[in-house]
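Just start05.txt here, compact mmCIF, C-alpha atoms and all ligand atoms:
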# COMPACT_ATOMS: atom_id res chain seq x y z
CA MET A 11 -23.62 12.29 6.18
CA LEU A 12 -24.38 10.67 2.84
CA TYR A 13 -24.10 7.03 3.89
CA GLU A 14 -23.19 4.90 6.87
CA GLY A 15 -21.77 1.54 5.93
CA LYS A 16 -20.55 -1.35 8.05
CA ALA A 17 -16.98 -0.05 8.35
CA LYS A 18 -17.05 3.57 7.21
CA LYS A 19 -19.18 6.71 7.21
CA VAL A 20 -19.25 8.83 4.08
CA TYR A 21 -19.82 12.61 4.14
CA THR A 22 -20.42 15.12 1.37
CA THR A 23 -18.32 18.29 1.15
CA GLU A 24 -18.80 21.68 -0.51
CA ASP A 25 -17.07 20.24 -3.58
CA PRO A 26 -19.54 17.92 -5.40
CA ASP A 27 -16.57 15.87 -6.66
CA VAL A 28 -15.15 15.22 -3.18
CA LEU A 29 -16.37 13.07 -0.27
CA ILE A 30 -14.89 12.48 3.16
CA VAL A 31 -14.70 8.89 4.37
CA SER A 32 -14.44 8.25 8.10
CA TYR A 33 -13.20 4.80 9.13
CA LYS A 34 -14.90 3.15 12.13
CA ASP A 35 -13.64 0.56 14.61
CA ASP A 36 -16.81 -1.46 13.94
CA ALA A 37 -16.27 -4.91 12.50
CA THR A 38 -18.81 -7.19 10.86
CA ALA A 39 -18.61 -10.59 9.22
CA PHE A 40 -20.91 -13.07 7.50
CA ASN A 41 -22.92 -10.32 5.79
CA GLY A 42 -23.45 -8.41 9.02
CA LEU A 43 -24.54 -11.38 11.18
CA LYS A 44 -21.45 -11.14 13.40
CA LYS A 45 -20.74 -7.71 14.90
CA GLY A 46 -17.93 -6.40 17.08
CA THR A 47 -15.31 -3.75 17.62
CA ILE A 48 -11.62 -3.86 16.76
CA VAL A 49 -10.05 -1.06 18.78
CA GLY A 50 -7.79 1.12 16.62
CA LYS A 51 -8.90 -0.52 13.35
CA GLY A 52 -10.37 2.66 11.83
CA ALA A 53 -7.12 4.58 12.02
CA ILE A 54 -5.02 1.61 10.83
CA ASN A 55 -7.28 0.91 7.84
CA ASN A 56 -7.44 4.58 6.88
CA ARG A 57 -3.69 5.11 7.03
CA MET A 58 -2.85 1.76 5.43
CA THR A 59 -5.27 2.34 2.54
CA ASN A 60 -3.80 5.76 1.79
CA PHE A 61 -0.23 4.47 2.05
CA VAL A 62 -0.98 1.59 -0.34
CA PHE A 63 -3.04 3.75 -2.74
CA LYS A 64 -0.06 6.15 -3.08
CA LYS A 65 2.18 3.22 -4.02
CA LEU A 66 -0.40 2.01 -6.54
CA GLU A 67 -0.76 5.49 -8.09
CA ALA A 68 3.02 5.53 -8.61
CA LYS A 69 2.71 2.22 -10.51
CA GLY A 70 -0.07 3.47 -12.79
CA VAL A 71 -3.28 2.56 -10.94
CA PRO A 72 -5.58 5.63 -10.70
CA THR A 73 -7.22 5.88 -7.26
CA HIS A 74 -9.82 7.99 -5.44
CA LEU A 75 -7.29 9.38 -2.93
CA VAL A 76 -7.30 13.17 -2.57
CA GLU A 77 -5.84 13.84 0.88
CA GLU A 78 -5.53 12.20 4.30
CA LEU A 79 -7.19 14.62 6.73
CA ASN A 80 -6.42 12.91 10.04
CA ASP A 81 -6.02 9.42 11.54
CA ARG A 82 -9.50 8.30 10.57
CA GLU A 83 -10.64 10.62 7.80
CA THR A 84 -9.67 11.02 4.17
CA ALA A 85 -10.92 13.21 1.34
CA VAL A 86 -11.63 11.08 -1.74
CA LYS A 87 -12.94 11.62 -5.25
CA LYS A 88 -16.67 10.92 -5.31
CA VAL A 89 -17.23 8.01 -7.67
CA GLU A 90 -20.19 5.98 -8.81
CA ILE A 91 -19.24 2.59 -7.38
CA VAL A 92 -19.33 -0.23 -9.94
CA PRO A 93 -21.43 -2.81 -8.04
CA LEU A 94 -18.83 -5.55 -8.34
CA GLU A 95 -16.60 -6.87 -5.58
CA VAL A 96 -13.41 -7.80 -7.39
CA ILE A 97 -11.59 -10.65 -5.66
CA ILE A 98 -8.08 -11.72 -6.56
CA ARG A 99 -6.66 -14.90 -5.10
CA ASN A 100 -3.07 -16.18 -5.08
CA TYR A 101 -3.59 -19.05 -2.60
CA SER A 102 -6.64 -21.11 -1.62
CA ALA A 103 -8.54 -19.76 1.40
CA GLY A 104 -11.98 -18.83 2.70
CA SER A 105 -14.99 -19.42 0.49
CA PHE A 106 -12.80 -20.72 -2.37
CA ALA A 107 -11.22 -23.44 -0.23
CA LYS A 108 -14.64 -24.45 1.08
CA LYS A 109 -16.26 -24.51 -2.36
CA MET A 110 -13.42 -26.45 -3.97
CA GLY A 111 -12.90 -28.85 -1.03
CA MET A 112 -9.29 -27.73 -0.67
CA GLU A 113 -7.23 -26.98 2.38
CA GLU A 114 -6.17 -23.35 2.79
CA GLY A 115 -2.78 -22.03 1.74
CA ILE A 116 -2.26 -23.93 -1.52
CA MET A 117 -0.55 -21.63 -4.04
CA PHE A 118 -2.27 -21.42 -7.42
CA ALA A 119 -0.49 -21.89 -10.77
CA CYS A 120 -1.55 -18.31 -11.54
CA PRO A 121 -3.70 -15.70 -9.78
CA THR A 122 -7.49 -15.94 -10.15
CA LEU A 123 -10.04 -13.14 -10.45
CA GLU A 124 -13.71 -13.39 -9.59
CA PHE A 125 -16.61 -11.00 -9.25
CA SER A 126 -19.37 -10.81 -6.67
CA TYR A 127 -22.45 -8.71 -7.28
CA LYS A 128 -22.27 -6.05 -4.54
CA ASN A 129 -25.74 -6.51 -3.05
CA ASP A 130 -26.11 -7.09 0.70
CA ASP A 131 -29.72 -8.34 0.39
CA LEU A 132 -28.50 -11.17 -1.84
CA GLY A 133 -25.34 -11.81 0.19
CA ASP A 134 -22.98 -10.60 -2.59
CA PRO A 135 -23.47 -13.60 -4.94
CA PHE A 136 -20.68 -14.90 -7.19
CA ILE A 137 -21.18 -13.79 -10.81
CA ASN A 138 -19.17 -13.85 -14.03
CA ASP A 139 -18.46 -11.26 -16.76
CA TYR A 140 -21.54 -12.34 -18.72
CA TYR A 141 -23.87 -11.72 -15.78
CA ALA A 142 -22.24 -8.32 -15.22
CA LEU A 143 -22.83 -7.40 -18.88
CA ALA A 144 -26.35 -8.87 -19.03
CA LEU A 145 -27.40 -6.99 -15.87
CA ASN A 146 -25.78 -3.72 -17.07
CA LEU A 147 -23.53 -3.64 -14.00
CA ALA A 148 -20.57 -2.56 -16.16
CA THR A 149 -19.64 -2.24 -19.83
CA LYS A 150 -17.18 -4.52 -21.61
CA GLU A 151 -14.61 -1.70 -21.63
CA GLU A 152 -15.10 -1.12 -17.89
CA ILE A 153 -14.69 -4.84 -17.14
CA GLU A 154 -11.49 -4.86 -19.21
CA ALA A 155 -10.11 -1.84 -17.32
CA ILE A 156 -11.12 -3.32 -13.94
CA THR A 157 -9.48 -6.64 -14.79
CA LYS A 158 -6.27 -4.98 -15.98
CA TYR A 159 -6.00 -2.77 -12.88
CA ALA A 160 -6.92 -5.58 -10.48
CA PHE A 161 -4.05 -7.80 -11.70
CA LEU A 162 -1.70 -4.79 -11.61
CA VAL A 163 -2.75 -4.09 -7.99
CA ASN A 164 -2.00 -7.76 -7.22
CA GLU A 165 1.50 -7.60 -8.79
CA VAL A 166 2.41 -4.42 -6.92
CA LEU A 167 1.02 -5.68 -3.60
CA ILE A 168 2.61 -9.16 -3.80
CA GLU A 169 6.01 -7.57 -4.39
CA TYR A 170 5.55 -5.00 -1.63
CA PHE A 171 4.16 -7.40 1.02
CA ASP A 172 7.01 -9.78 0.20
CA THR A 173 9.42 -7.14 1.57
CA LEU A 174 7.39 -7.19 4.83
CA ASN A 175 7.64 -11.02 5.06
CA ILE A 176 3.92 -11.32 4.30
CA ASP A 177 2.13 -13.55 1.76
CA LEU A 178 -0.84 -11.89 0.06
CA ILE A 179 -3.33 -14.78 0.04
CA ASP A 180 -6.32 -12.92 -1.47
CA PHE A 181 -8.09 -9.56 -1.38
CA LYS A 182 -11.22 -7.66 -2.44
CA ILE A 183 -11.21 -4.29 -4.19
CA GLU A 184 -13.86 -1.96 -5.60
CA PHE A 185 -13.73 0.42 -8.52
CA GLY A 186 -15.76 3.50 -9.41
CA ARG A 187 -16.58 5.75 -12.34
CA TYR A 188 -15.10 9.22 -12.14
CA HIS A 189 -15.69 11.54 -15.11
CA GLY A 190 -15.79 8.59 -17.49
CA GLN A 191 -12.69 6.87 -16.07
CA ILE A 192 -12.44 3.72 -13.96
CA ILE A 193 -10.49 4.36 -10.74
CA LEU A 194 -9.72 2.29 -7.65
CA ALA A 195 -11.97 3.26 -4.69
CA ASP A 196 -12.93 2.00 -1.21
CA GLU A 197 -10.05 0.48 0.81
CA ILE A 198 -7.19 -2.00 0.98
CA SER A 199 -6.64 -3.11 4.58
CA PRO A 200 -6.58 -6.19 6.85
CA ASP A 201 -10.41 -6.03 6.61
CA THR A 202 -10.27 -6.70 2.88
CA CYS A 203 -7.09 -8.79 2.44
CA ARG A 204 -5.84 -12.10 3.78
CA LEU A 205 -2.27 -11.49 4.95
CA TRP A 206 -0.19 -14.36 6.36
CA ASP A 207 3.26 -14.21 7.91
CA LYS A 208 5.57 -15.95 5.42
CA ASP A 209 7.40 -18.04 8.02
CA THR A 210 4.74 -18.91 10.60
CA HIS A 211 1.66 -18.61 8.33
CA GLU A 212 0.04 -16.68 11.18
CA LYS A 213 -3.07 -14.86 10.01
CA LEU A 214 -2.66 -11.08 10.30
CA ASP A 215 -6.12 -10.03 9.07
CA LYS A 216 -9.86 -10.05 9.71
CA ASP A 217 -10.03 -13.86 9.74
CA ARG A 218 -8.89 -13.56 13.39
CA PHE A 219 -12.20 -11.77 14.06
CA ARG A 220 -14.34 -13.93 11.74
CA ARG A 221 -13.03 -17.17 13.27
CA ASP A 222 -12.60 -16.03 16.90
CA LEU A 223 -8.87 -16.72 16.81
CA GLY A 224 -7.99 -14.01 19.38
CA GLY A 225 -5.25 -11.42 19.04
CA VAL A 226 -7.32 -9.39 16.56
CA GLU A 227 -6.01 -5.94 17.57
CA ASP A 228 -2.44 -7.26 17.75
CA ALA A 229 -2.68 -8.56 14.18
CA TYR A 230 -3.85 -5.18 12.80
CA GLU A 231 -1.12 -3.42 14.80
CA GLU A 232 1.50 -5.87 13.52
CA ILE A 233 0.59 -5.10 9.91
CA PHE A 234 0.70 -1.37 10.64
CA ARG A 235 4.09 -1.75 12.34
CA ARG A 236 5.54 -3.69 9.39
CA LEU A 237 4.29 -1.05 6.93
CA GLY A 238 6.46 1.45 8.82
CA ILE A 239 4.01 4.30 8.22
CA GLN A 240 5.27 7.45 9.97
P1 LIG B 1 -20.43 -1.32 3.17
O1 LIG B 1 -21.24 -0.40 2.32
O2 LIG B 1 -20.11 -2.60 2.45
O3 LIG B 1 -21.00 -1.55 4.53
P2 LIG B 1 -18.32 0.55 4.11
O4 LIG B 1 -18.77 0.66 5.51
O5 LIG B 1 -16.87 0.41 3.84
O6 LIG B 1 -18.99 -0.67 3.31
O7 LIG B 1 -18.92 1.84 3.40
C1 LIG B 1 -18.25 2.58 2.47
C2 LIG B 1 -19.12 2.70 1.23
O8 LIG B 1 -18.61 3.77 0.43
C3 LIG B 1 -19.09 1.44 0.39
O9 LIG B 1 -20.40 1.14 -0.07
C4 LIG B 1 -18.19 1.81 -0.78
O10 LIG B 1 -18.55 1.13 -1.96
C5 LIG B 1 -18.41 3.30 -0.89
N1 LIG B 1 -17.27 4.06 -1.44
C6 LIG B 1 -15.95 3.82 -1.26
N2 LIG B 1 -15.19 4.73 -1.90
C7 LIG B 1 -16.07 5.60 -2.49
C8 LIG B 1 -15.90 6.77 -3.31
N3 LIG B 1 -14.70 7.21 -3.63
N4 LIG B 1 -17.03 7.39 -3.76
C9 LIG B 1 -18.26 6.92 -3.44
N5 LIG B 1 -18.48 5.83 -2.67
C10 LIG B 1 -17.40 5.17 -2.19
N1 LIG B 2 -13.71 -9.90 1.23
C1 LIG B 2 -14.09 -8.62 1.61
N2 LIG B 2 -15.42 -8.32 1.70
C2 LIG B 2 -16.39 -9.22 1.46
C3 LIG B 2 -16.02 -10.53 1.06
C4 LIG B 2 -14.68 -10.83 0.97
O1 LIG B 2 -13.23 -7.76 1.82
O2 LIG B 2 -17.58 -8.87 1.55
C5 LIG B 2 -12.29 -10.25 1.11
C6 LIG B 2 -11.83 -11.20 2.20
O3 LIG B 2 -11.27 -10.47 3.27
C7 LIG B 2 -10.78 -12.02 1.50
C8 LIG B 2 -11.22 -12.04 0.03
O4 LIG B 2 -12.13 -10.95 -0.11
O5 LIG B 2 -9.52 -11.36 1.58
C9 LIG B 2 -11.86 -13.34 -0.40
O6 LIG B 2 -12.91 -13.63 0.49
P1 LIG B 2 -13.77 -14.99 0.33
O7 LIG B 2 -14.49 -14.98 -0.97
O8 LIG B 2 -12.89 -16.16 0.57
O9 LIG B 2 -14.89 -14.83 1.38
P2 LIG B 2 -14.95 -15.10 2.91
O10 LIG B 2 -14.30 -16.40 3.18
O11 LIG B 2 -14.27 -13.91 3.54
O12 LIG B 2 -16.45 -15.11 3.13
Output the file's structure as structure tokens, nothing else.
Ligand code: ADP
Ligand code: UDP
Amino acid sequence: MLYEGKAKKVYTTEDPDVLIVSYKDDATAFNGLKKGTIVGKGAINNRMTNFVFKKLEAKGVPTHLVEELNDRETAVKKVEIVPLEVIIRNYSAGSFAKKMGMEEGIMFACPTLEFSYKNDDLGDPFINDYYALALNLATKEEIEAITKYAFLVNEVLIEYFDTLNIDLIDFKIEFGRYHGQIILADEISPDTCRLWDKDTHEKLDKDRFRRDLGGVEDAYEEIFRRLGIQ
């Protein structure tokens, strides 16, 4: 094992370019202060991420996906993670709504992008492009590639979730360096997206865990069911 994170374990393989990620049922929120288990989450997040990454590859977003090995485990390209959490928002929610004194669910005139510095000790603080450049977190070219791919991911996902009667409120993605190229890494799942039913506005994501709304497992299963993954 190379690394155990909050939601996944990462293992090395005989191939120095390939890692195996193993998705756990463990859930955390508020920078690890709240801990729990969401039964079945690991398998759902693994299979959803791979399903979505294949769609994104087809639309021109390079990803770390190599091969799904089983329900919980996937072989991925080993990248050097760019220490930026890239957050795209289409509607107000979460920390944005709080900071801006807005209610949740207000659609923006256009999508927004923001960066957090991926650093648990600091609580992933909000930063801008200039901080990222000044702190050597990424080059200008890398930030341009990340920004371009992040908005493309948003376009593809909005259109796809629309067919599942889901509004994509916001999400977080991570990118990595792989042989000089920027590629999409980590995961896209109900842990990392806010997904609301279009008609009822029911939350079908990790906010059910964060806010003790109940029905956490059912929400993850509902997303998985709508994706229709075989
Ligand atoms: P955290 O580290 O935030 O607790 P996880 O439990 O999801 O998160 O752990 C997975 C770790 O693996 C994250 O730090 C993530 O940045 C990293 N990671 C994801 N994809 C890759 C990859 N392809 N190569 C190397 N590291 C990766
Ligand atoms: N997010 C995430 N990991 C984090 C922080 C945020 O996956 O460490 C996702 C979160 O699920 C949401 C989006 O990023 O879809 C925006 O989150 P926000 O900044 O509103 O933070 P939160 O309210 O979750 O603290």
Grab the atom O1 of ligand LIG 2 (chain B) to atom CA of Ile183 of chain A distance for me, in Å with one decimal place.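 According to the coordinates, atom O1 of ligand LIG 2 (chain B) and atom CA of Ile183 of chain A are separated by 7.2 Å.
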In terms of only C-alpha atoms and all ligand atoms, the residue from A:Ile137, A:Val89, A:Leu237, A:Val163 at minimal distance from ligand LIG 1 (chain B) is A:Val89
Around the point (-24.4, -8.2, 0.8) (coordinates from the file), which residues reach within 12 Å if we count all atoms listed in the file? Answer as a ChimeraX atom specification. /A:15-16,38-43,93-95,126-136
Could you write out as JSON the box around segment 207-222 of chain A (axis-aligned, all atoms listed in the file, 5 Å on each side), with centre and edge lengths in Å to one decimal?
{"center_x": -3.5, "center_y": -14.5, "center_z": 11.2, "size_x": 31.7, "size_y": 18.9, "size_z": 21.5}
Counting all atoms listed in the file, which protein, DNA or RNA residues come within 9 Å of ligand LIG 2 (chain B), given as an MDAnalysis selection string? chainID A and resid 39:41 95:99 102:108 124 126 128 130 133:134 136 178:183 197:205 215:217 220
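Computed from the coordinates, the atom CA of Asp25 of chain A to atom CA of Ile156 of chain A distance equals 26.4 Å.
Taking all atoms listed in the file into account, the protein and nucleic acid residues that come at most 7 Å from ligand LIG 1 (chain B) are Glu14, Gly15, Lys16, Ala17, Lys18, Lys19, Val20, Leu29, His74, Val86, Lys87, Lys88, Val89, Glu90, Ile91, Glu184, Gly186, Ala195 and Asp196 of chain A.
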Tell me which of A:Asn100, A:Thr210, A:Asn146, A:Gln191 sits closest to Ile168 of chain A, counting only C-alpha atoms.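 Ranking A:Asn100, A:Thr210, A:Asn146, A:Gln191 by distance to Ile168 of chain A, first place goes to A:Asn100.
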Counting all atoms listed in the file, I want the residues whose atoms come within 9 Å of (-10.7, 3.0, 12.9) in the file frame, returned as a ChimeraX atom specification. /A:17-18,32-36,48-56,81-82
Rank nothing, just name the residue among A:Phe185, A:Tyr170, A:Phe219, A:Phe63 nearest to Glu152 of chain A, using all atoms listed in the file.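 The closest residue to Glu152 of chain A is A:Phe185.
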My list of candidates is A:Gly225, A:Lys45, A:Gly190, A:Thr122. Which is closest to Thr149 of chain A when distances are computed with all atoms listed in the file? A:Gly190
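Shortest separation to Tyr159 of chain A among A:Ile176, A:Met110, A:Leu123, A:Ile116 occurs at residue A:Leu123, atoms counted being all atoms listed in the file.
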Length of the atom CA of Lys65 of chain A to atom CA of Leu167 of chain A vector [Å]: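 Computing it gives 9.0 Å between the two atoms.
Shortest separation to Glu77 of chain A among A:Gly238, A:Glu113, A:Val28, A:Tyr101 occurs at residue A:Val28, atoms counted being all atoms listed in the file.
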